[in-house]
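A.B. asks: Following this message is one structure expressed as structure tokens.
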Amino acid sequence: MTTIPGDKQPGSPQPGATGAPRSPRQPRQMVVTLPGEIDITSDGQVQDALSRALDDGTVVLIADASRTTYCACAGVHALLLAHHRAAAAGARLRVAASPAVRRILELTGTDHVLDTYPTLAAALAGKAALAGKAALAGKAALAGKAALAGKAALAGKAALAGKGDRMTEFGTAAYELSGLHHVLLAIPPGGEDLARRYYGDILGMAELEKPPALAAKGGCWFRRGGLEVHLGVEKEFRAAAKAHPGVLVQDLDALAVRLKAAGAAVEWDNGLPGYRRFYSRDLHGNRLELMELAGA
């Protein structure tokens, strides 16, 4: 990742530019170029780079994800941490987001919180932020959370706790839950090949390399789009017959055809207003809900 002081013109990042000498005055605007893929193995690097830029006194921090082709929820979490840290320091975070990054921000609802731009040049200029539905509210910083809270006009925090300060018997909740990183389902010992058949061959998900310490425990991980599914070995395995992940799909009918062709169950259900959906089961019997916005 590369940082570019705001008093320089953006261009092709030079290797090692992160440690470039600073001018005597602190940079007012800084660009941090994010990696092509952000997942659980690189989110710490992203957090560190953004934190260092804020520690340097940056007033406007630009996270350049315009060339990022994949961003897991771990990357979304890193951006949210930078956003909250910037706000606490009186600074501002802007995100130059590629279509892939914008998609995961929309799916997780964080497009209501982060100021996003379609290009690095737009982020540098600070004009026409693509801040999801929150853009409709102009400069009302709480609009995104208020929209999520429906008719709770005093915004999402009050709706979640019933009180503006979100006091519970355990005290005030000062943190935020920022997104779903992955779903874990169980498989029996030796069940990796059937998992690869369903999640890899049928659903078309890419298998991820597990960290060595976790690979020794067996199981396998898969990823496609903004979804990660981890399959963990459980000695006393029982398929999840009721509990299930709900997965958003683009072109639900095409997926149904693919699953049926592979011999997998497709059980349509119209019980959720606003969505078309069906249930399926992986080759170990675990239940999945596949869903799409009605009219999409």
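By convention in this document, the chains of the structure tokens carry letters A, B, ... by their order, each chain's residues are numbered from 1, and ligands are numbered from 1 in the order they are shown.
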Against segment 217-236 of chain A, which residues of segment 13-88 of chain A fall within 9 Å? For each one I want the closest pair of atoms and the distance in Å (one decimal), counting only C-alpha atoms, rows by chain and increasing residue number, as a Markdown table.

C.D. replies:
| residue | atom | partner | partner_atom | distance |
| --- | --- | --- | --- | --- |
| A:Tyr70 | CA | A:Gly225 | CA | 7.4 |
| A:Cys71 | CA | A:Gly226 | CA | 7.0 |
| A:Ala72 | CA | A:Gly226 | CA | 5.8 |
| A:Cys73 | CA | A:Gly226 | CA | 7.3 |

A.B. asks: Could the residues in this selection be saved with N, CA and C atoms as a JSON list (two decimals), in the first residue's frame?

C.D. replies:
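Contents of the output file out-v9.json:
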[["chain", "number", "residue", "atom", "x", "y", "z"],
["A", 70, "TYR", "N", -11.58, -7.35, -4.83],
["A", 70, "TYR", "CA", -12.31, -8.15, -3.84],
["A", 70, "TYR", "C", -12.12, -7.53, -2.47],
["A", 71, "CYS", "N", -13.23, -7.42, -1.74],
["A", 71, "CYS", "CA", -13.18, -6.89, -0.38],
["A", 71, "CYS", "C", -14.10, -7.72, 0.50],
["A", 72, "ALA", "N", -13.53, -8.49, 1.41],
["A", 72, "ALA", "CA", -14.33, -9.27, 2.36],
["A", 72, "ALA", "C", -14.83, -8.34, 3.47],
["A", 73, "CYS", "N", -15.66, -8.88, 4.34],
["A", 73, "CYS", "CA", -16.18, -8.07, 5.45],
["A", 73, "CYS", "C", -15.06, -7.59, 6.36]]

A.B. asks: Would you list the contacts of Arg238 of chain A as a VMD selection string, taking every protein, DNA or RNA residue within 9 Å and counting only C-alpha atoms, but skipping same-chain residues closer than 6 positions in sequence?

C.D. replies: chain A and resid 186 to 188 284 to 286

A.B. asks: I'd like the contact shell of Ile202 of chain A - 8 Å cut-off, only C-alpha atoms, skipping same-chain residues fewer than 3 positions apart - returned as an MDAnalysis selection string.

C.D. replies: chainID A and resid 197:199 258:259 262

A.B. asks: Could you tell me how far atom CA of Tyr275 of chain A lies from atom CA of Pro118 of chain A, in Å and to one decimal?

C.D. replies: 28.7 Å

A.B. asks: What's around segment 88-100 of chain A at 10 Å? Count only C-alpha atoms, leave out sequence neighbours fewer than 6 positions away in its own chain, and write the answer as a VMD selection string.

C.D. replies: chain A and resid 28 to 34 50 54 to 55 57 to 71 79 to 80 82 114 to 124 126 129 to 131 225 to 226

A.B. asks: Go ahead and dump the residues you just picked, N, CA and C atoms, as a compact mmCIF listing (two decimals), in the first residue's frame.

C.D. replies:
# COMPACT_ATOMS: atom_id res chain seq x y z
N ARG A 28 -2.07 17.76 4.76
CA ARG A 28 -3.48 17.97 5.06
C ARG A 28 -4.33 16.87 4.42
N GLN A 29 -3.88 16.33 3.29
CA GLN A 29 -4.62 15.30 2.59
C GLN A 29 -3.67 14.17 2.24
N MET A 30 -4.11 12.93 2.47
CA MET A 30 -3.24 11.80 2.24
C MET A 30 -4.02 10.69 1.55
N VAL A 31 -3.37 10.03 0.58
CA VAL A 31 -3.97 8.90 -0.12
C VAL A 31 -3.27 7.62 0.33
N VAL A 32 -4.05 6.63 0.72
CA VAL A 32 -3.52 5.30 1.01
C VAL A 32 -4.08 4.34 -0.03
N THR A 33 -3.23 3.77 -0.85
CA THR A 33 -3.65 2.85 -1.89
C THR A 33 -3.81 1.45 -1.30
N LEU A 34 -5.01 0.92 -1.40
CA LEU A 34 -5.33 -0.37 -0.81
C LEU A 34 -4.98 -1.51 -1.77
N LEU A 50 -3.90 2.93 7.34
CA LEU A 50 -4.84 4.04 7.54
C LEU A 50 -4.59 4.72 8.88
N LEU A 54 -3.49 8.75 9.72
CA LEU A 54 -4.20 9.63 10.65
C LEU A 54 -3.27 10.12 11.75
N ASP A 55 -2.34 9.27 12.19
CA ASP A 55 -1.38 9.68 13.21
C ASP A 55 -0.46 10.79 12.71
N GLY A 57 -1.37 13.35 11.23
CA GLY A 57 -2.08 14.61 11.26
C GLY A 57 -2.91 14.88 10.02
N THR A 58 -3.19 13.85 9.26
CA THR A 58 -3.98 14.02 8.05
C THR A 58 -5.39 14.50 8.39
N VAL A 59 -5.86 15.49 7.65
CA VAL A 59 -7.21 16.01 7.86
C VAL A 59 -8.21 15.32 6.95
N VAL A 60 -7.80 15.06 5.71
CA VAL A 60 -8.63 14.32 4.77
C VAL A 60 -7.86 13.08 4.35
N LEU A 61 -8.34 11.91 4.75
CA LEU A 61 -7.69 10.65 4.42
C LEU A 61 -8.48 9.96 3.32
N ILE A 62 -7.80 9.60 2.25
CA ILE A 62 -8.46 8.95 1.12
C ILE A 62 -7.97 7.51 1.03
N ALA A 63 -8.89 6.58 1.20
CA ALA A 63 -8.59 5.15 1.02
C ALA A 63 -8.88 4.80 -0.43
N ASP A 64 -7.82 4.59 -1.21
CA ASP A 64 -7.98 4.36 -2.64
C ASP A 64 -8.19 2.86 -2.90
N ALA A 65 -9.46 2.46 -3.01
CA ALA A 65 -9.82 1.09 -3.34
C ALA A 65 -10.38 1.02 -4.76
N SER A 66 -9.97 1.96 -5.60
CA SER A 66 -10.51 2.02 -6.96
C SER A 66 -10.04 0.85 -7.81
N ARG A 67 -8.94 0.19 -7.39
CA ARG A 67 -8.44 -0.97 -8.13
C ARG A 67 -8.58 -2.27 -7.33
N THR A 68 -9.32 -2.22 -6.25
CA THR A 68 -9.53 -3.40 -5.42
C THR A 68 -10.63 -4.26 -6.04
N THR A 69 -10.30 -5.49 -6.36
CA THR A 69 -11.25 -6.37 -7.04
C THR A 69 -12.04 -7.26 -6.08
N TYR A 70 -11.58 -7.35 -4.83
CA TYR A 70 -12.31 -8.15 -3.84
C TYR A 70 -12.12 -7.53 -2.47
N CYS A 71 -13.23 -7.42 -1.74
CA CYS A 71 -13.18 -6.89 -0.38
C CYS A 71 -14.10 -7.72 0.50
N LEU A 79 -12.21 -0.36 7.10
CA LEU A 79 -12.63 0.98 6.66
C LEU A 79 -13.49 1.67 7.72
N LEU A 80 -14.37 0.90 8.36
CA LEU A 80 -15.21 1.49 9.40
C LEU A 80 -14.38 1.95 10.60
N ALA A 82 -11.32 2.98 10.50
CA ALA A 82 -10.65 4.21 10.07
C ALA A 82 -11.63 5.38 10.07
N LEU A 114 -20.03 5.45 5.12
CA LEU A 114 -18.79 5.89 4.49
C LEU A 114 -19.07 6.82 3.31
N ASP A 115 -18.22 7.82 3.13
CA ASP A 115 -18.28 8.69 1.95
C ASP A 115 -17.51 8.00 0.83
N THR A 116 -18.22 7.54 -0.19
CA THR A 116 -17.57 6.81 -1.27
C THR A 116 -17.64 7.59 -2.57
N TYR A 117 -16.62 7.38 -3.41
CA TYR A 117 -16.48 8.07 -4.69
C TYR A 117 -16.12 7.05 -5.76
N PRO A 118 -16.50 7.30 -7.01
CA PRO A 118 -16.27 6.30 -8.06
C PRO A 118 -14.82 6.21 -8.53
N THR A 119 -14.04 7.28 -8.32
CA THR A 119 -12.65 7.30 -8.77
C THR A 119 -11.78 8.01 -7.74
N LEU A 120 -10.47 7.82 -7.86
CA LEU A 120 -9.54 8.53 -6.98
C LEU A 120 -9.62 10.02 -7.22
N ALA A 121 -9.72 10.42 -8.49
CA ALA A 121 -9.79 11.86 -8.80
C ALA A 121 -11.01 12.50 -8.14
N ALA A 122 -12.14 11.81 -8.16
CA ALA A 122 -13.35 12.34 -7.52
C ALA A 122 -13.17 12.45 -6.01
N ALA A 123 -12.50 11.46 -5.42
CA ALA A 123 -12.26 11.50 -3.98
C ALA A 123 -11.33 12.65 -3.61
N LEU A 124 -10.31 12.89 -4.44
CA LEU A 124 -9.40 14.00 -4.19
C LEU A 124 -10.12 15.33 -4.28
N GLY A 126 -13.32 15.69 -3.76
CA GLY A 126 -14.31 15.74 -2.68
C GLY A 126 -15.69 16.13 -3.14
N ALA A 129 -20.12 12.66 -3.60
CA ALA A 129 -19.94 11.39 -2.91
C ALA A 129 -21.09 10.46 -3.22
N LEU A 130 -20.75 9.16 -3.38
CA LEU A 130 -21.76 8.14 -3.65
C LEU A 130 -22.14 7.45 -2.35
N ALA A 131 -22.60 8.20 -1.38
CA ALA A 131 -22.82 7.67 -0.03
C ALA A 131 -24.15 6.94 0.10
N GLY A 225 -17.85 -13.53 -4.49
CA GLY A 225 -18.46 -12.24 -4.24
C GLY A 225 -18.14 -11.78 -2.83
N GLY A 226 -19.14 -11.32 -2.09
CA GLY A 226 -18.91 -10.88 -0.72
C GLY A 226 -19.17 -11.95 0.32

A.B. asks: DSSP says strand (DSSP E) for which residues of segment 205-262 of chain A? Put them as number ranges by chain?

C.D. replies: A: 206-208, 220-224, 227-233, 246-248

A.B. asks: I need the residue nearest Glu289 of chain A from this list: A:Val46, A:Ile38, A:Ala195, A:Val266. Use only C-alpha atoms for the distance.

C.D. replies: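 The closest residue to Glu289 of chain A is A:Val266.
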
A.B. asks: Between segment 78-122 of chain A and segment 178-183 of chain A, at 10 Å or less, what are the per-residue closest atom pairs and their distances in Å? Count only C-alpha atoms, order by chain and rising residue number, and return it as a tab-separated table.

C.D. replies:
residue	atom	partner	partner_atom	distance
A:Ala78	CA	A:Ser178	CA	9.5
A:Leu79	CA	A:Ser178	CA	9.9
A:Leu80	CA	A:Ser178	CA	7.3
A:Leu81	CA	A:Ser178	CA	9.1
A:Ile104	CA	A:Gly179	CA	9.9
A:Leu105	CA	A:Gly179	CA	9.5
A:Leu107	CA	A:Gly179	CA	9.2
A:Thr108	CA	A:Gly179	CA	5.8
A:Gly109	CA	A:Gly179	CA	8.4
A:Thr110	CA	A:Ser178	CA	7.7

A.B. asks: In Å, how far is it from atom CA of Met291 of chain A to atom CA of His244 of chain A?

C.D. replies: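 Result for atom CA of Met291 of chain A versus atom CA of His244 of chain A: 12.4 Å, one decimal.
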
A.B. asks: Closest to Leu252 of chain A among A:Arg281, A:Phe237, A:Leu290, A:Gly36, using only C-alpha atoms?

C.D. replies: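 Checking each candidate against Leu252 of chain A, we get A:Leu290 as the closest.
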
A.B. asks: Quick one: distance from atom CA of Ala265 of chain A to atom CA of Leu203 of chain A in Å, one decimal?

C.D. replies: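 Taking atom CA of Ala265 of chain A as the start and atom CA of Leu203 of chain A as the end point, the length is 13.0 Å.
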
A.B. asks: Find the residue from A:Glu192, A:Leu184, A:Arg52, A:Gln47 that sits nearest to Glu207 of chain A; use only C-alpha atoms when measuring.

C.D. replies: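 Using only C-alpha atoms, Glu207 of chain A sits closest to A:Glu192.
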